[in-house]
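Peer 1: For reference, the file input.tsv (TSV, C-alpha atoms and all ligand atoms) is included below:
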chain	number	residue	atom	x	y	z
A	26	MET	CA	6.24	16.22	27.77
A	27	ARG	CA	9.16	14.17	29.02
A	28	ASN	CA	9.45	12.12	32.14
A	29	TYR	CA	11.35	8.92	32.38
A	30	GLU	CA	9.25	6.20	33.86
A	31	LYS	CA	8.48	2.57	33.44
A	32	ILE	CA	5.01	1.25	32.74
A	33	ASN	CA	4.24	-2.37	33.40
A	34	LEU	CA	1.28	-4.02	31.77
A	35	PRO	CA	0.95	-7.65	32.78
A	36	ASP	CA	1.35	-10.21	29.97
A	37	PHE	CA	1.72	-7.57	27.38
A	38	MET	CA	4.66	-5.28	27.69
A	39	ASP	CA	7.31	-3.66	29.71
A	40	ILE	CA	8.59	-0.53	28.02
A	41	SER	CA	10.60	2.36	29.41
A	42	PHE	CA	8.79	5.48	28.24
A	43	ILE	CA	10.22	8.88	27.56
A	44	ASP	CA	6.82	10.40	26.80
A	45	SER	CA	4.19	9.76	29.46
A	46	SER	CA	1.40	10.96	27.14
A	47	LEU	CA	1.73	7.52	25.51
A	48	GLU	CA	0.63	5.82	28.70
A	49	PRO	CA	-3.16	5.85	28.06
A	50	ILE	CA	-2.54	4.71	24.48
A	51	VAL	CA	-0.51	1.76	25.67
A	52	ALA	CA	-3.27	0.85	28.11
A	53	LYS	CA	-5.86	1.00	25.32
A	54	VAL	CA	-3.76	-1.12	22.99
A	55	ALA	CA	-3.06	-3.63	25.74
A	56	ASN	CA	-6.80	-3.91	26.34
A	57	GLY	CA	-7.57	-4.18	22.63
A	58	GLU	CA	-9.46	-0.85	22.61
A	59	ARG	CA	-9.69	1.31	19.50
A	60	LEU	CA	-7.49	4.41	19.25
A	61	SER	CA	-9.14	7.78	18.60
A	62	PHE	CA	-8.13	10.64	16.29
A	63	GLU	CA	-6.59	12.37	19.34
A	64	ASP	CA	-4.57	9.24	20.18
A	65	GLY	CA	-3.35	9.15	16.58
A	66	MET	CA	-2.22	12.77	16.85
A	67	ILE	CA	-0.22	11.96	20.00
A	68	LEU	CA	1.49	9.13	18.11
A	69	GLU	CA	2.25	11.53	15.26
A	70	VAL	CA	3.92	14.21	17.36
A	71	SER	CA	5.50	12.25	20.22
A	72	GLU	CA	9.28	12.34	20.38
A	73	ASP	CA	9.25	8.83	21.81
A	74	ILE	CA	9.50	7.04	18.48
A	75	HIS	CA	11.12	3.99	20.05
A	76	SER	CA	8.19	3.25	22.34
A	77	ILE	CA	5.75	3.73	19.46
A	78	CYS	CA	7.65	1.24	17.31
A	79	ARG	CA	7.95	-1.22	20.19
A	80	LEU	CA	4.22	-0.99	20.85
A	81	ALA	CA	3.41	-1.60	17.18
A	82	ASP	CA	5.93	-4.46	17.11
A	83	LEU	CA	4.10	-6.09	20.02
A	84	VAL	CA	0.76	-5.70	18.26
A	85	ARG	CA	2.27	-7.28	15.14
A	86	GLU	CA	3.56	-10.14	17.24
A	87	ARG	CA	0.20	-10.53	19.00
A	88	MET	CA	-1.53	-10.75	15.59
A	89	HIS	CA	0.97	-12.77	13.58
A	90	GLY	CA	3.57	-14.28	15.87
A	91	ASN	CA	7.00	-14.00	14.29
A	92	ARG	CA	5.86	-14.95	10.80
A	93	ILE	CA	6.52	-12.47	8.00
A	94	GLY	CA	4.95	-12.90	4.58
A	95	TYR	CA	6.57	-12.61	1.16
A	96	ILE	CA	5.35	-13.49	-2.32
A	97	SER	CA	6.56	-14.32	-5.79
A	98	ASN	CA	4.99	-11.52	-7.81
A	99	VAL	CA	5.49	-9.20	-10.76
A	100	HIS	CA	4.62	-5.55	-11.27
A	101	ILE	CA	3.53	-4.54	-14.74
A	102	ASP	CA	2.99	-0.86	-15.41
A	103	TYR	CA	1.04	-1.10	-18.68
A	104	THR	CA	1.11	2.57	-19.77
A	105	ASN	CA	2.89	5.71	-18.62
A	106	ILE	CA	0.61	8.02	-20.58
A	107	CYS	CA	-1.42	9.86	-17.97
A	108	VAL	CA	-3.61	12.94	-18.00
A	109	SER	CA	-3.69	13.22	-14.22
A	110	LYS	CA	-0.10	14.55	-13.91
A	111	CYS	CA	0.05	14.23	-10.13
A	112	LYS	CA	2.68	16.54	-8.69
A	113	PHE	CA	4.43	13.80	-6.70
A	114	CYS	CA	4.71	11.41	-9.65
A	115	ALA	CA	7.76	10.97	-11.90
A	116	TYR	CA	6.25	8.20	-13.99
A	117	TRP	CA	3.68	9.92	-16.21
A	118	ARG	CA	4.32	11.10	-19.78
A	119	ASP	CA	2.34	13.07	-22.33
A	120	ALA	CA	1.16	10.94	-25.25
A	121	GLU	CA	3.58	12.85	-27.58
A	122	SER	CA	6.65	12.14	-25.42
A	123	ASP	CA	9.44	10.00	-26.94
A	124	SER	CA	9.36	7.81	-23.83
A	125	ALA	CA	5.58	7.31	-23.76
A	126	TYR	CA	4.45	3.68	-24.07
A	127	THR	CA	1.40	1.45	-23.83
A	128	LEU	CA	1.87	-2.31	-23.63
A	129	THR	CA	-0.20	-4.66	-25.73
A	130	SER	CA	-1.75	-7.66	-24.06
A	131	ASP	CA	1.04	-9.87	-25.52
A	132	GLU	CA	3.76	-7.53	-24.27
A	133	ALA	CA	2.24	-7.61	-20.78
A	134	ILE	CA	2.17	-11.42	-20.87
A	135	GLU	CA	5.84	-11.52	-21.96
A	136	ARG	CA	6.82	-9.65	-18.80
A	137	VAL	CA	5.42	-12.31	-16.45
A	138	PRO	CA	7.93	-14.89	-15.21
A	139	ASN	CA	6.79	-18.41	-14.41
A	140	ASP	CA	5.80	-19.32	-10.88
A	141	VAL	CA	4.27	-16.00	-9.77
A	142	GLN	CA	1.32	-16.02	-7.39
A	143	GLU	CA	0.36	-12.41	-8.05
A	144	ILE	CA	0.37	-10.10	-11.06
A	145	HIS	CA	0.22	-6.44	-10.01
A	146	LEU	CA	-1.02	-4.51	-13.04
A	147	VAL	CA	-1.46	-0.71	-12.92
A	148	GLY	CA	-0.93	2.27	-15.20
A	149	GLY	CA	-1.53	5.93	-15.92
A	150	LEU	CA	-4.87	7.43	-16.94
A	151	ASN	CA	-4.58	7.04	-20.70
A	152	PRO	CA	-7.82	8.39	-22.22
A	153	THR	CA	-7.43	6.50	-25.48
A	154	LEU	CA	-7.78	3.06	-23.89
A	155	PRO	CA	-11.30	1.60	-24.08
A	156	LEU	CA	-12.79	-0.86	-21.57
A	157	SER	CA	-12.06	-3.65	-24.07
A	158	TYR	CA	-8.29	-3.03	-23.65
A	159	PHE	CA	-8.56	-3.76	-19.92
A	160	LEU	CA	-10.76	-6.81	-20.46
A	161	ASP	CA	-8.42	-8.20	-23.13
A	162	ILE	CA	-5.28	-7.79	-21.03
A	163	LEU	CA	-6.97	-9.49	-18.04
A	164	LYS	CA	-8.28	-12.35	-20.18
A	165	GLY	CA	-4.86	-12.82	-21.83
A	166	LEU	CA	-3.04	-12.95	-18.50
A	167	LYS	CA	-5.62	-15.22	-16.88
A	168	GLU	CA	-5.55	-17.65	-19.78
A	169	ARG	CA	-1.74	-17.86	-19.71
A	170	PHE	CA	-1.36	-17.80	-15.88
A	171	PRO	CA	-4.56	-19.31	-14.46
A	172	GLU	CA	-3.04	-19.91	-11.00
A	173	ALA	CA	-1.92	-16.31	-10.44
A	174	VAL	CA	-4.17	-13.73	-8.79
A	175	ILE	CA	-4.41	-10.62	-10.96
A	176	LYS	CA	-4.33	-7.60	-8.63
A	177	ALA	CA	-5.14	-4.90	-11.12
A	178	PHE	CA	-6.18	-1.29	-11.67
A	179	THR	CA	-6.32	1.24	-8.87
A	180	ALA	CA	-9.66	2.72	-7.86
A	181	VAL	CA	-8.55	5.83	-9.77
A	182	GLU	CA	-8.24	3.85	-13.02
A	183	ILE	CA	-11.57	2.13	-12.39
A	184	TYR	CA	-13.25	5.47	-11.66
A	185	GLU	CA	-11.94	6.78	-15.01
A	186	LEU	CA	-13.32	3.71	-16.76
A	187	THR	CA	-16.76	4.29	-15.26
A	188	ARG	CA	-16.65	7.95	-16.33
A	189	ARG	CA	-15.60	7.20	-19.89
A	190	SER	CA	-17.72	4.11	-20.49
A	191	GLY	CA	-20.87	5.59	-18.91
A	192	LEU	CA	-21.24	2.34	-16.92
A	193	GLY	CA	-21.64	2.32	-13.13
A	194	PRO	CA	-18.83	1.06	-10.84
A	195	TRP	CA	-20.61	-2.25	-10.20
A	196	SER	CA	-20.98	-2.89	-13.89
A	197	VAL	CA	-17.32	-2.07	-14.65
A	198	LEU	CA	-16.08	-4.13	-11.69
A	199	ASP	CA	-18.33	-7.02	-12.67
A	200	ARG	CA	-16.91	-7.12	-16.21
A	201	LEU	CA	-13.33	-6.85	-14.98
A	202	HIS	CA	-13.99	-9.58	-12.43
A	203	ASP	CA	-15.44	-11.87	-15.11
A	204	ALA	CA	-12.34	-11.25	-17.25
A	205	GLY	CA	-9.98	-12.35	-14.46
A	206	LEU	CA	-9.58	-9.52	-11.94
A	207	GLY	CA	-8.94	-11.08	-8.53
A	208	MET	CA	-8.25	-8.12	-6.33
A	209	LEU	CA	-7.67	-4.34	-6.38
A	210	PRO	CA	-4.29	-2.84	-5.46
A	211	GLY	CA	-4.15	-0.01	-2.93
A	212	GLY	CA	-2.75	2.72	-5.17
A	213	GLY	CA	-4.33	6.09	-5.87
A	214	ALA	CA	-5.38	6.75	-2.28
A	215	GLU	CA	-2.52	9.25	-1.71
A	216	ILE	CA	-3.99	11.50	1.02
A	217	PHE	CA	-7.75	11.75	1.36
A	218	ASP	CA	-7.87	15.29	2.77
A	219	GLU	CA	-9.56	17.32	0.04
A	220	GLY	CA	-7.36	20.42	0.49
A	221	ILE	CA	-4.11	18.45	0.09
A	222	ARG	CA	-5.54	16.27	-2.68
A	223	ASN	CA	-6.52	19.39	-4.63
A	224	ILE	CA	-2.90	20.51	-4.56
A	225	VAL	CA	-1.00	17.26	-5.18
A	226	CYS	CA	-3.40	15.42	-7.50
A	227	PRO	CA	-6.29	17.70	-8.46
A	228	TYR	CA	-7.34	15.76	-11.56
A	229	LYS	CA	-7.79	12.28	-10.19
A	230	ALA	CA	-10.73	10.59	-8.47
A	231	SER	CA	-11.72	12.22	-5.17
A	232	ALA	CA	-11.27	10.53	-1.80
A	233	ASP	CA	-14.99	9.69	-1.70
A	234	ASP	CA	-14.79	8.15	-5.18
A	235	TRP	CA	-11.73	6.08	-4.19
A	236	LEU	CA	-13.44	4.82	-1.05
A	237	PHE	CA	-16.68	4.13	-2.92
A	238	ILE	CA	-14.92	1.98	-5.54
A	239	HIS	CA	-13.23	-0.08	-2.82
A	240	ARG	CA	-16.46	-0.39	-0.85
A	241	SER	CA	-18.27	-1.55	-4.01
A	242	ALA	CA	-15.52	-4.08	-4.79
A	243	HIS	CA	-15.70	-5.47	-1.25
A	244	GLU	CA	-19.48	-5.76	-1.46
A	245	MET	CA	-19.02	-7.79	-4.65
A	246	GLY	CA	-16.55	-10.11	-2.93
A	247	ILE	CA	-13.43	-8.55	-4.51
A	248	PRO	CA	-10.84	-7.86	-1.79
A	249	SER	CA	-8.38	-4.98	-1.99
A	250	ASN	CA	-5.40	-3.25	-0.42
A	251	SER	CA	-5.03	0.34	0.75
A	252	THR	CA	-2.15	2.80	0.69
A	253	MET	CA	-1.25	6.21	2.06
A	254	LEU	CA	1.44	8.44	0.55
A	255	HIS	CA	3.28	10.31	3.33
A	256	GLY	CA	6.16	12.75	3.54
A	257	HIS	CA	5.14	15.37	0.97
A	258	ILE	CA	3.04	18.43	1.89
A	259	GLU	CA	0.51	16.70	4.14
A	260	LYS	CA	0.37	17.34	7.90
A	261	PRO	CA	-0.02	14.81	10.75
A	262	GLU	CA	-3.77	15.45	11.03
A	263	HIS	CA	-4.24	14.55	7.35
A	264	ARG	CA	-2.49	11.23	7.87
A	265	ILE	CA	-4.63	10.29	10.87
A	266	ASP	CA	-7.79	11.40	9.07
A	267	HIS	CA	-6.76	9.15	6.14
A	268	LEU	CA	-6.31	6.08	8.35
A	269	ILE	CA	-9.61	6.69	10.15
A	270	ARG	CA	-11.48	6.91	6.84
A	271	LEU	CA	-9.98	3.57	5.78
A	272	ARG	CA	-10.85	2.03	9.13
A	273	GLY	CA	-14.46	3.20	8.73
A	274	VAL	CA	-14.90	1.41	5.39
A	275	GLN	CA	-13.22	-1.68	6.79
A	276	ASP	CA	-15.68	-1.75	9.72
A	277	ASP	CA	-18.50	-2.01	7.18
A	278	THR	CA	-16.97	-4.38	4.64
A	279	GLY	CA	-13.92	-6.23	6.01
A	280	GLY	CA	-12.54	-6.24	2.45
A	281	PHE	CA	-9.12	-4.64	2.95
A	282	VAL	CA	-6.43	-7.31	3.20
A	283	ALA	CA	-3.31	-5.18	3.63
A	284	HIS	CA	-2.31	-1.56	4.07
A	285	ILE	CA	0.87	-0.18	2.54
A	286	PRO	CA	2.41	3.03	3.91
A	287	LEU	CA	4.22	4.65	0.95
A	288	PRO	CA	7.04	7.13	1.56
A	289	TYR	CA	7.10	9.96	-0.98
A	290	LEU	CA	10.24	9.62	-3.13
A	291	PRO	CA	11.38	13.06	-4.24
A	292	GLY	CA	13.14	12.31	-7.56
A	293	ASN	CA	12.13	13.82	-10.92
A	294	ASN	CA	8.70	15.22	-10.02
A	295	SER	CA	7.29	18.66	-9.49
A	296	LEU	CA	7.36	18.44	-5.68
A	297	SER	CA	11.07	17.52	-5.88
A	298	GLY	CA	13.45	19.44	-3.69
A	299	THR	CA	10.78	20.82	-1.38
A	300	HIS	CA	11.00	18.16	1.31
A	301	ALA	CA	13.73	16.46	3.32
A	302	VAL	CA	13.74	12.68	3.27
A	303	ASP	CA	12.90	11.44	6.78
A	304	GLY	CA	13.41	7.77	7.59
A	305	THR	CA	12.00	8.23	11.07
A	306	LEU	CA	8.70	9.34	9.52
A	307	ASP	CA	8.68	6.21	7.34
A	308	ILE	CA	9.08	3.99	10.39
A	309	ARG	CA	6.60	6.00	12.42
A	310	GLU	CA	3.95	5.69	9.69
A	311	ILE	CA	4.34	1.91	9.63
A	312	ALA	CA	3.91	1.81	13.41
A	313	ILE	CA	0.94	4.20	13.40
A	314	ALA	CA	-0.76	2.25	10.62
A	315	ARG	CA	-0.45	-0.94	12.71
A	316	LEU	CA	-1.83	0.79	15.80
A	317	MET	CA	-4.69	2.75	14.18
A	318	LEU	CA	-5.82	0.13	11.63
A	319	ASP	CA	-6.95	-2.41	14.20
A	320	ASN	CA	-9.25	-4.06	11.65
A	321	ILE	CA	-6.89	-4.44	8.65
A	322	PRO	CA	-4.99	-7.71	9.07
A	323	HIS	CA	-1.69	-6.95	7.31
A	324	ILE	CA	0.73	-4.03	7.11
A	325	LYS	CA	3.34	-4.19	4.36
A	326	ALA	CA	6.86	-2.81	4.54
A	327	TYR	CA	7.14	-2.36	0.77
A	328	TRP	CA	10.90	-2.70	0.23
A	329	ARG	CA	10.80	-1.23	-3.29
A	330	ALA	CA	9.68	2.16	-1.93
A	331	LEU	CA	11.22	2.08	1.56
A	332	GLY	CA	14.54	0.56	0.59
A	333	ILE	CA	15.60	-2.85	1.82
A	334	ARG	CA	17.14	-1.72	5.11
A	335	MET	CA	14.27	0.56	6.07
A	336	ALA	CA	11.78	-2.19	5.17
A	337	GLN	CA	13.70	-4.57	7.43
A	338	ALA	CA	13.44	-2.04	10.25
A	339	GLY	CA	9.72	-1.73	9.43
A	340	LEU	CA	9.32	-5.42	10.23
A	341	ARG	CA	10.31	-4.46	13.78
A	342	ALA	CA	7.87	-1.55	13.89
A	343	GLY	CA	4.53	-3.15	13.08
A	344	ALA	CA	4.77	-4.56	9.54
A	345	ASP	CA	4.24	-8.28	9.00
A	346	ASP	CA	4.97	-8.42	5.27
A	347	LEU	CA	7.74	-7.44	2.85
A	348	ASP	CA	5.71	-7.65	-0.40
A	349	GLY	CA	7.51	-9.70	-3.03
A	350	THR	CA	10.00	-10.29	-5.77
A	351	VAL	CA	8.38	-7.36	-7.69
A	352	ASN	CA	10.49	-7.97	-10.82
A	353	ARG	CA	10.70	-4.63	-12.53
A	354	GLU	CA	8.37	-1.77	-11.54
A	355	ASP	CA	8.63	1.69	-12.96
A	356	ILE	CA	6.86	4.11	-10.60
A	357	MET	CA	9.40	4.09	-7.74
A	358	HIS	CA	12.26	3.63	-10.22
A	359	GLU	CA	11.35	6.85	-12.03
A	360	ALA	CA	11.05	8.68	-8.69
A	361	GLY	CA	14.68	7.89	-7.89
A	362	SER	CA	14.59	4.61	-5.96
A	363	GLY	CA	18.13	3.22	-6.01
A	364	GLU	CA	16.93	-0.21	-4.94
A	365	PRO	CA	17.14	-3.24	-7.23
A	366	ARG	CA	14.10	-3.57	-9.50
A	367	GLY	CA	13.51	-7.11	-8.31
A	368	LEU	CA	14.62	-9.56	-5.59
A	369	THR	CA	14.74	-13.34	-5.57
A	370	LEU	CA	12.76	-15.48	-3.13
A	371	VAL	CA	16.06	-16.45	-1.49
A	372	GLN	CA	16.94	-12.78	-0.98
A	373	LEU	CA	13.50	-12.02	0.50
A	374	ARG	CA	13.84	-14.87	2.98
A	375	LYS	CA	17.32	-13.69	3.91
A	376	ILE	CA	16.09	-10.13	4.55
A	377	ILE	CA	13.32	-11.39	6.84
A	378	LYS	CA	15.64	-13.74	8.71
A	379	GLY	CA	18.14	-10.89	9.03
A	380	ALA	CA	15.55	-9.05	11.12
A	381	GLY	CA	15.30	-12.10	13.38
A	382	LEU	CA	11.88	-13.16	12.01
A	383	GLU	CA	10.44	-16.20	10.22
A	384	PRO	CA	9.63	-15.93	6.52
A	385	TYR	CA	6.55	-17.64	5.09
A	386	ARG	CA	5.66	-17.70	1.42
A	387	ARG	CA	2.12	-16.51	0.79
A	388	ASN	CA	-0.42	-15.98	-1.98
A	389	ALA	CA	-2.01	-12.64	-2.92
A	390	PHE	CA	-4.60	-12.97	-0.12
A	391	HIS	CA	-1.83	-13.48	2.46
A	392	GLU	CA	-2.65	-17.15	2.93
A	393	SER	CA	0.35	-19.32	3.58
A	394	MET	CA	1.14	-21.32	0.43
A	395	GLU	CA	1.23	-24.53	2.47
A	396	GLU	CA	-2.21	-23.81	3.98
A	397	ALA	CA	-3.63	-22.71	0.61
A	398	ALA	CA	-2.56	-26.02	-0.91
A	399	VAL	CA	-4.45	-28.07	1.73
A	401	LIG	O1	-0.73	5.47	-5.96
A	401	LIG	C1	3.65	7.75	-7.15
A	401	LIG	C2	2.69	6.12	-5.45
A	401	LIG	C3	1.42	4.35	-5.87
A	401	LIG	C4	5.43	8.33	-6.06
A	401	LIG	O2	-1.66	-2.85	-3.37
A	401	LIG	C5	4.78	7.34	-5.34
A	401	LIG	O3	-0.20	-4.37	-2.89
A	401	LIG	C6	6.38	7.41	-3.72
A	401	LIG	O4	-0.03	1.61	-4.79
A	401	LIG	N1	7.05	8.40	-4.36
A	401	LIG	C7	1.37	3.04	-6.61
A	401	LIG	N2	5.24	6.88	-4.17
A	401	LIG	C8	2.05	1.92	-5.81
A	401	LIG	C9	1.06	1.16	-5.00
A	401	LIG	C10	1.39	-0.17	-4.45
A	401	LIG	C11	2.70	-0.59	-4.33
A	401	LIG	C12	2.95	-1.86	-3.82
A	401	LIG	C13	1.94	-2.71	-3.48
A	401	LIG	C14	0.63	-2.29	-3.61
A	401	LIG	C15	-0.48	-3.22	-3.27
A	401	LIG	C16	0.34	-1.01	-4.09
A	401	LIG	O5	2.73	4.84	-5.98
A	401	LIG	C17	0.60	5.51	-6.33
A	401	LIG	C18	1.28	6.63	-5.61
A	401	LIG	O6	0.77	6.79	-4.32
A	401	LIG	N3	3.68	7.03	-6.02
A	401	LIG	N4	4.72	8.55	-7.19
A	401	LIG	C19	6.61	8.87	-5.53
A	401	LIG	N5	7.26	9.87	-6.15
A	402	LIG	FE1	-0.86	9.28	-13.29
A	402	LIG	FE2	-0.83	7.54	-11.25
A	402	LIG	FE3	1.32	9.10	-11.74
A	402	LIG	FE4	-0.93	10.20	-10.81
A	402	LIG	S1	0.35	8.68	-9.71
A	402	LIG	S2	0.34	10.97	-12.53
A	402	LIG	S3	-2.53	8.95	-11.78
A	402	LIG	S4	0.51	7.53	-13.12
Written as structure tokens, that's how I'd like the structure from this file.
Peer 2:
Amino acid sequence: MRNYEKINLPDFMDISFIDSSLEPIVAKVANGERLSFEDGMILEVSEDIHSICRLADLVRERMHGNRIGYISNVHIDYTNICVSKCKFCAYWRDAESDSAYTLTSDEAIERVPNDVQEIHLVGGLNPTLPLSYFLDILKGLKERFPEAVIKAFTAVEIYELTRRSGLGPWSVLDRLHDAGLGMLPGGGAEIFDEGIRNIVCPYKASADDWLFIHRSAHEMGIPSNSTMLHGHIEKPEHRIDHLIRLRGVQDDTGGFVAHIPLPYLPGNNSLSGTHAVDGTLDIREIAIARLMLDNIPHIKAYWRALGIRMAQAGLRAGADDLDGTVNREDIMHEAGSGEPRGLTLVQLRKIIKGAGLEPYRRNAFHESMEEAAV
């Protein structure tokens, strides 16, 4: 529906709307009320993308002022051998492949530059790796970089470890935590809808398993991030369902620190060529995440997946964080990302300032480095 009108909400906003069906949503957001599944669907299909982004930008500003976080971090992808063979993924290799690899603990340590606050460590589902491999790599990294937070192993990898070791999730998480695990990354969530999941990643942990691992981690005091992979074969209702499931866990635990909307990159994987790249969807999903996830503090515009320019635009559509220096990273690289594999802290600050916002350097838990030092 289109009608051009202006809605004024005192002290909050003054936006010229194209789509009047957004009006009740704006009123809810202005009053701090929770958005429903139906509201989410309106945000998904509305042609008025500008108003949606503006609304999310105002929510971001209400929550965080003009401060945008960035971090000195490193991504280490410890093995590309993976039996899951997700259809959207260009990173996995069979064990027999010439380009298959598994890093030793020492090789992982060699990849970490000095002065990183966060080590992001993930990999494929390599069935030959025992629990001791994961414990050794954590212990090695923690010993060498005691100040860094090790954000390691997606819920999918942890689920596999529980299955293969015969230990329960609490027991596996407890051992990993003791060895140095500080936080779980958000990967492996993809899309929770069972029908879509069965098509794009039928062999990995189910949505319920993913959510259960994160819930268990939170209950043990281990925080985590969440992700959603959009722009492949999922439909708008699957995306809103995904966000509402995350919001439900967060209501119970409060353990999610940041959510990262991930755009599907179509290079070198078996879904390649089936879908048009759509930057407006990428921006919309950042905005919708900010509006629907009223209980998750931070939304990241992950530049490595979005591209630097789109990530910058995302900072004006609800995101309050750019992620970090990243320094290498193979998953998006293999899927065709033409972005640099790492950025410097100076470049990150420049990107944030370029969007008219104020950079602040943070730790893995999104605490300002200055505040954390006090
Ligand atoms: O789960 C795989 C995705 C994820 C493709 O927690 C793809 O701070 C796009 O989770 N196109 C891993 N995405 C990355 C991830 C992440 C990244 C940055 C920060 C954090 C965090 C987490 O990468 C996988 C999967 O959803 N992925 N293939 C692809 N072709
Ligand atoms: Fe394996 Fe992860 Fe790629 Fe799926 S996304 S094939 S689990 S490496």
Peer 1: Residues up to 12 Å from ligand LIG 402 (chain A), counting only C-alpha atoms and all ligand atoms: could you list those as an NGL selection string?
Peer 2: :A and (102-119 or 125 or 147-152 or 178-185 or 211-216 or 222 or 225-231 or 254 or 289-290 or 293-295 or 355-357 or 359-360)
Peer 1: Neighbouring residues of Arg169 in chain A were defined as those with any atom within 12 Å, considering only C-alpha atoms; residues of the same chain fewer than 2 positions away were excluded. Please report them as a list in words.
Peer 2: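 The residues that qualify are Ser130, Asp131, Ala133, Ile134, Glu135, Arg136, Val137, Pro138, Asn139, Asp140, Val141, Ile144, Ile162, Leu163, Lys164, Gly165, Leu166, Lys167, Pro171, Glu172, Ala173, Val174, Ile175 and Gly205 of chain A.
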Peer 1: Based on the selection just made, write C-alpha atoms of those residues as a short mmCIF file (atom, residue, chain, number, x, y, z; two decimals), keeping the file's coordinate frame.
Peer 2:
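So again_30.cif came out as:
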data_model
loop_
_atom_site.label_atom_id
_atom_site.label_comp_id
_atom_site.auth_asym_id
_atom_site.auth_seq_id
_atom_site.Cartn_x
_atom_site.Cartn_y
_atom_site.Cartn_z
CA SER A 130 -1.75 -7.66 -24.06
CA ASP A 131 1.04 -9.87 -25.52
CA ALA A 133 2.24 -7.61 -20.78
CA ILE A 134 2.17 -11.42 -20.87
CA GLU A 135 5.84 -11.52 -21.96
CA ARG A 136 6.82 -9.65 -18.80
CA VAL A 137 5.42 -12.31 -16.45
CA PRO A 138 7.93 -14.89 -15.21
CA ASN A 139 6.79 -18.41 -14.41
CA ASP A 140 5.80 -19.32 -10.88
CA VAL A 141 4.27 -16.00 -9.77
CA ILE A 144 0.37 -10.10 -11.06
CA ILE A 162 -5.28 -7.79 -21.03
CA LEU A 163 -6.97 -9.49 -18.04
CA LYS A 164 -8.28 -12.35 -20.18
CA GLY A 165 -4.86 -12.82 -21.83
CA LEU A 166 -3.04 -12.95 -18.50
CA LYS A 167 -5.62 -15.22 -16.88
CA PRO A 171 -4.56 -19.31 -14.46
CA GLU A 172 -3.04 -19.91 -11.00
CA ALA A 173 -1.92 -16.31 -10.44
CA VAL A 174 -4.17 -13.73 -8.79
CA ILE A 175 -4.41 -10.62 -10.96
CA GLY A 205 -9.98 -12.35 -14.46
#
Peer 1: In terms of the shortest atom-to-atom distance over only C-alpha atoms and all ligand atoms, which of A:Ile67, A:Leu306, A:Leu236, A:Val99 is closest to ligand LIG 401 (chain A)?
Peer 2: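 Of the candidates, the smallest distance to ligand LIG 401 (chain A) is held by A:Val99.
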Peer 1: Give me the residues within 7 Å of range 317-322 of chain A as a list in words, counting all atoms listed in the file and dropping any in the same chain fewer than 6 places off.
Peer 2: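 Residues near the query, excluding close chain neighbours: Leu60, Gly65, Leu268, Arg272, Gln275, Phe281, Val282 and Ala283 of chain A.
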Peer 1: So the first atom is CA of Ile324 in chain A and the second is CA of Asp234 in chain A; what is the distance between them in Å, to one decimal place?
Peer 2: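 Rounded to one decimal, the two atoms are 23.2 Å apart.
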Peer 1: Can you pull out the residues contacting Val197 in chain A? Cut-off 12 Å, using only C-alpha atoms, and skip same-chain residues under 5 positions away; I want them as a list in words.
Peer 2: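 Selected residues are Pro155, Leu156, Ser157, Phe159, Leu160, Phe178, Ala180, Glu182, Ile183, Tyr184, Glu185, Leu186, Thr187, Arg188, Arg189, Ser190, Gly191, Leu192, His202, Asp203, Ala204, Leu206, Ile238, Ser241, Ala242 and Met245 of chain A.
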Peer 1: Just the selected residues (C-alpha atoms), exported as a short mmCIF file (atom, residue, chain, number, x, y, z; two decimals), in the coordinates of the input, please.
Peer 2:
data_model
loop_
_atom_site.label_atom_id
_atom_site.label_comp_id
_atom_site.auth_asym_id
_atom_site.auth_seq_id
_atom_site.Cartn_x
_atom_site.Cartn_y
_atom_site.Cartn_z
CA PRO A 155 -11.30 1.60 -24.08
CA LEU A 156 -12.79 -0.86 -21.57
CA SER A 157 -12.06 -3.65 -24.07
CA PHE A 159 -8.56 -3.76 -19.92
CA LEU A 160 -10.76 -6.81 -20.46
CA PHE A 178 -6.18 -1.29 -11.67
CA ALA A 180 -9.66 2.72 -7.86
CA GLU A 182 -8.24 3.85 -13.02
CA ILE A 183 -11.57 2.13 -12.39
CA TYR A 184 -13.25 5.47 -11.66
CA GLU A 185 -11.94 6.78 -15.01
CA LEU A 186 -13.32 3.71 -16.76
CA THR A 187 -16.76 4.29 -15.26
CA ARG A 188 -16.65 7.95 -16.33
CA ARG A 189 -15.60 7.20 -19.89
CA SER A 190 -17.72 4.11 -20.49
CA GLY A 191 -20.87 5.59 -18.91
CA LEU A 192 -21.24 2.34 -16.92
CA HIS A 202 -13.99 -9.58 -12.43
CA ASP A 203 -15.44 -11.87 -15.11
CA ALA A 204 -12.34 -11.25 -17.25
CA LEU A 206 -9.58 -9.52 -11.94
CA ILE A 238 -14.92 1.98 -5.54
CA SER A 241 -18.27 -1.55 -4.01
CA ALA A 242 -15.52 -4.08 -4.79
CA MET A 245 -19.02 -7.79 -4.65
#
Peer 1: Please, what distance in Å, to one decimal, runs between CA of Asp345 in chain A and CA of Ile93 in chain A?
Peer 2: 4.9 Å
Peer 1: Just checking: using all atoms listed in the file, which residue out of A:His75, A:Arg329, A:Arg270, A:Arg366 ends up closest to ligand LIG 401 (chain A)?
Peer 2: A:Arg329
Peer 1: Pick from A:Met208, A:Ala120, A:Ile77, A:Ile269: nearest to Ile43 in chain A, with only C-alpha atoms counted?
Peer 2: A:Ile77
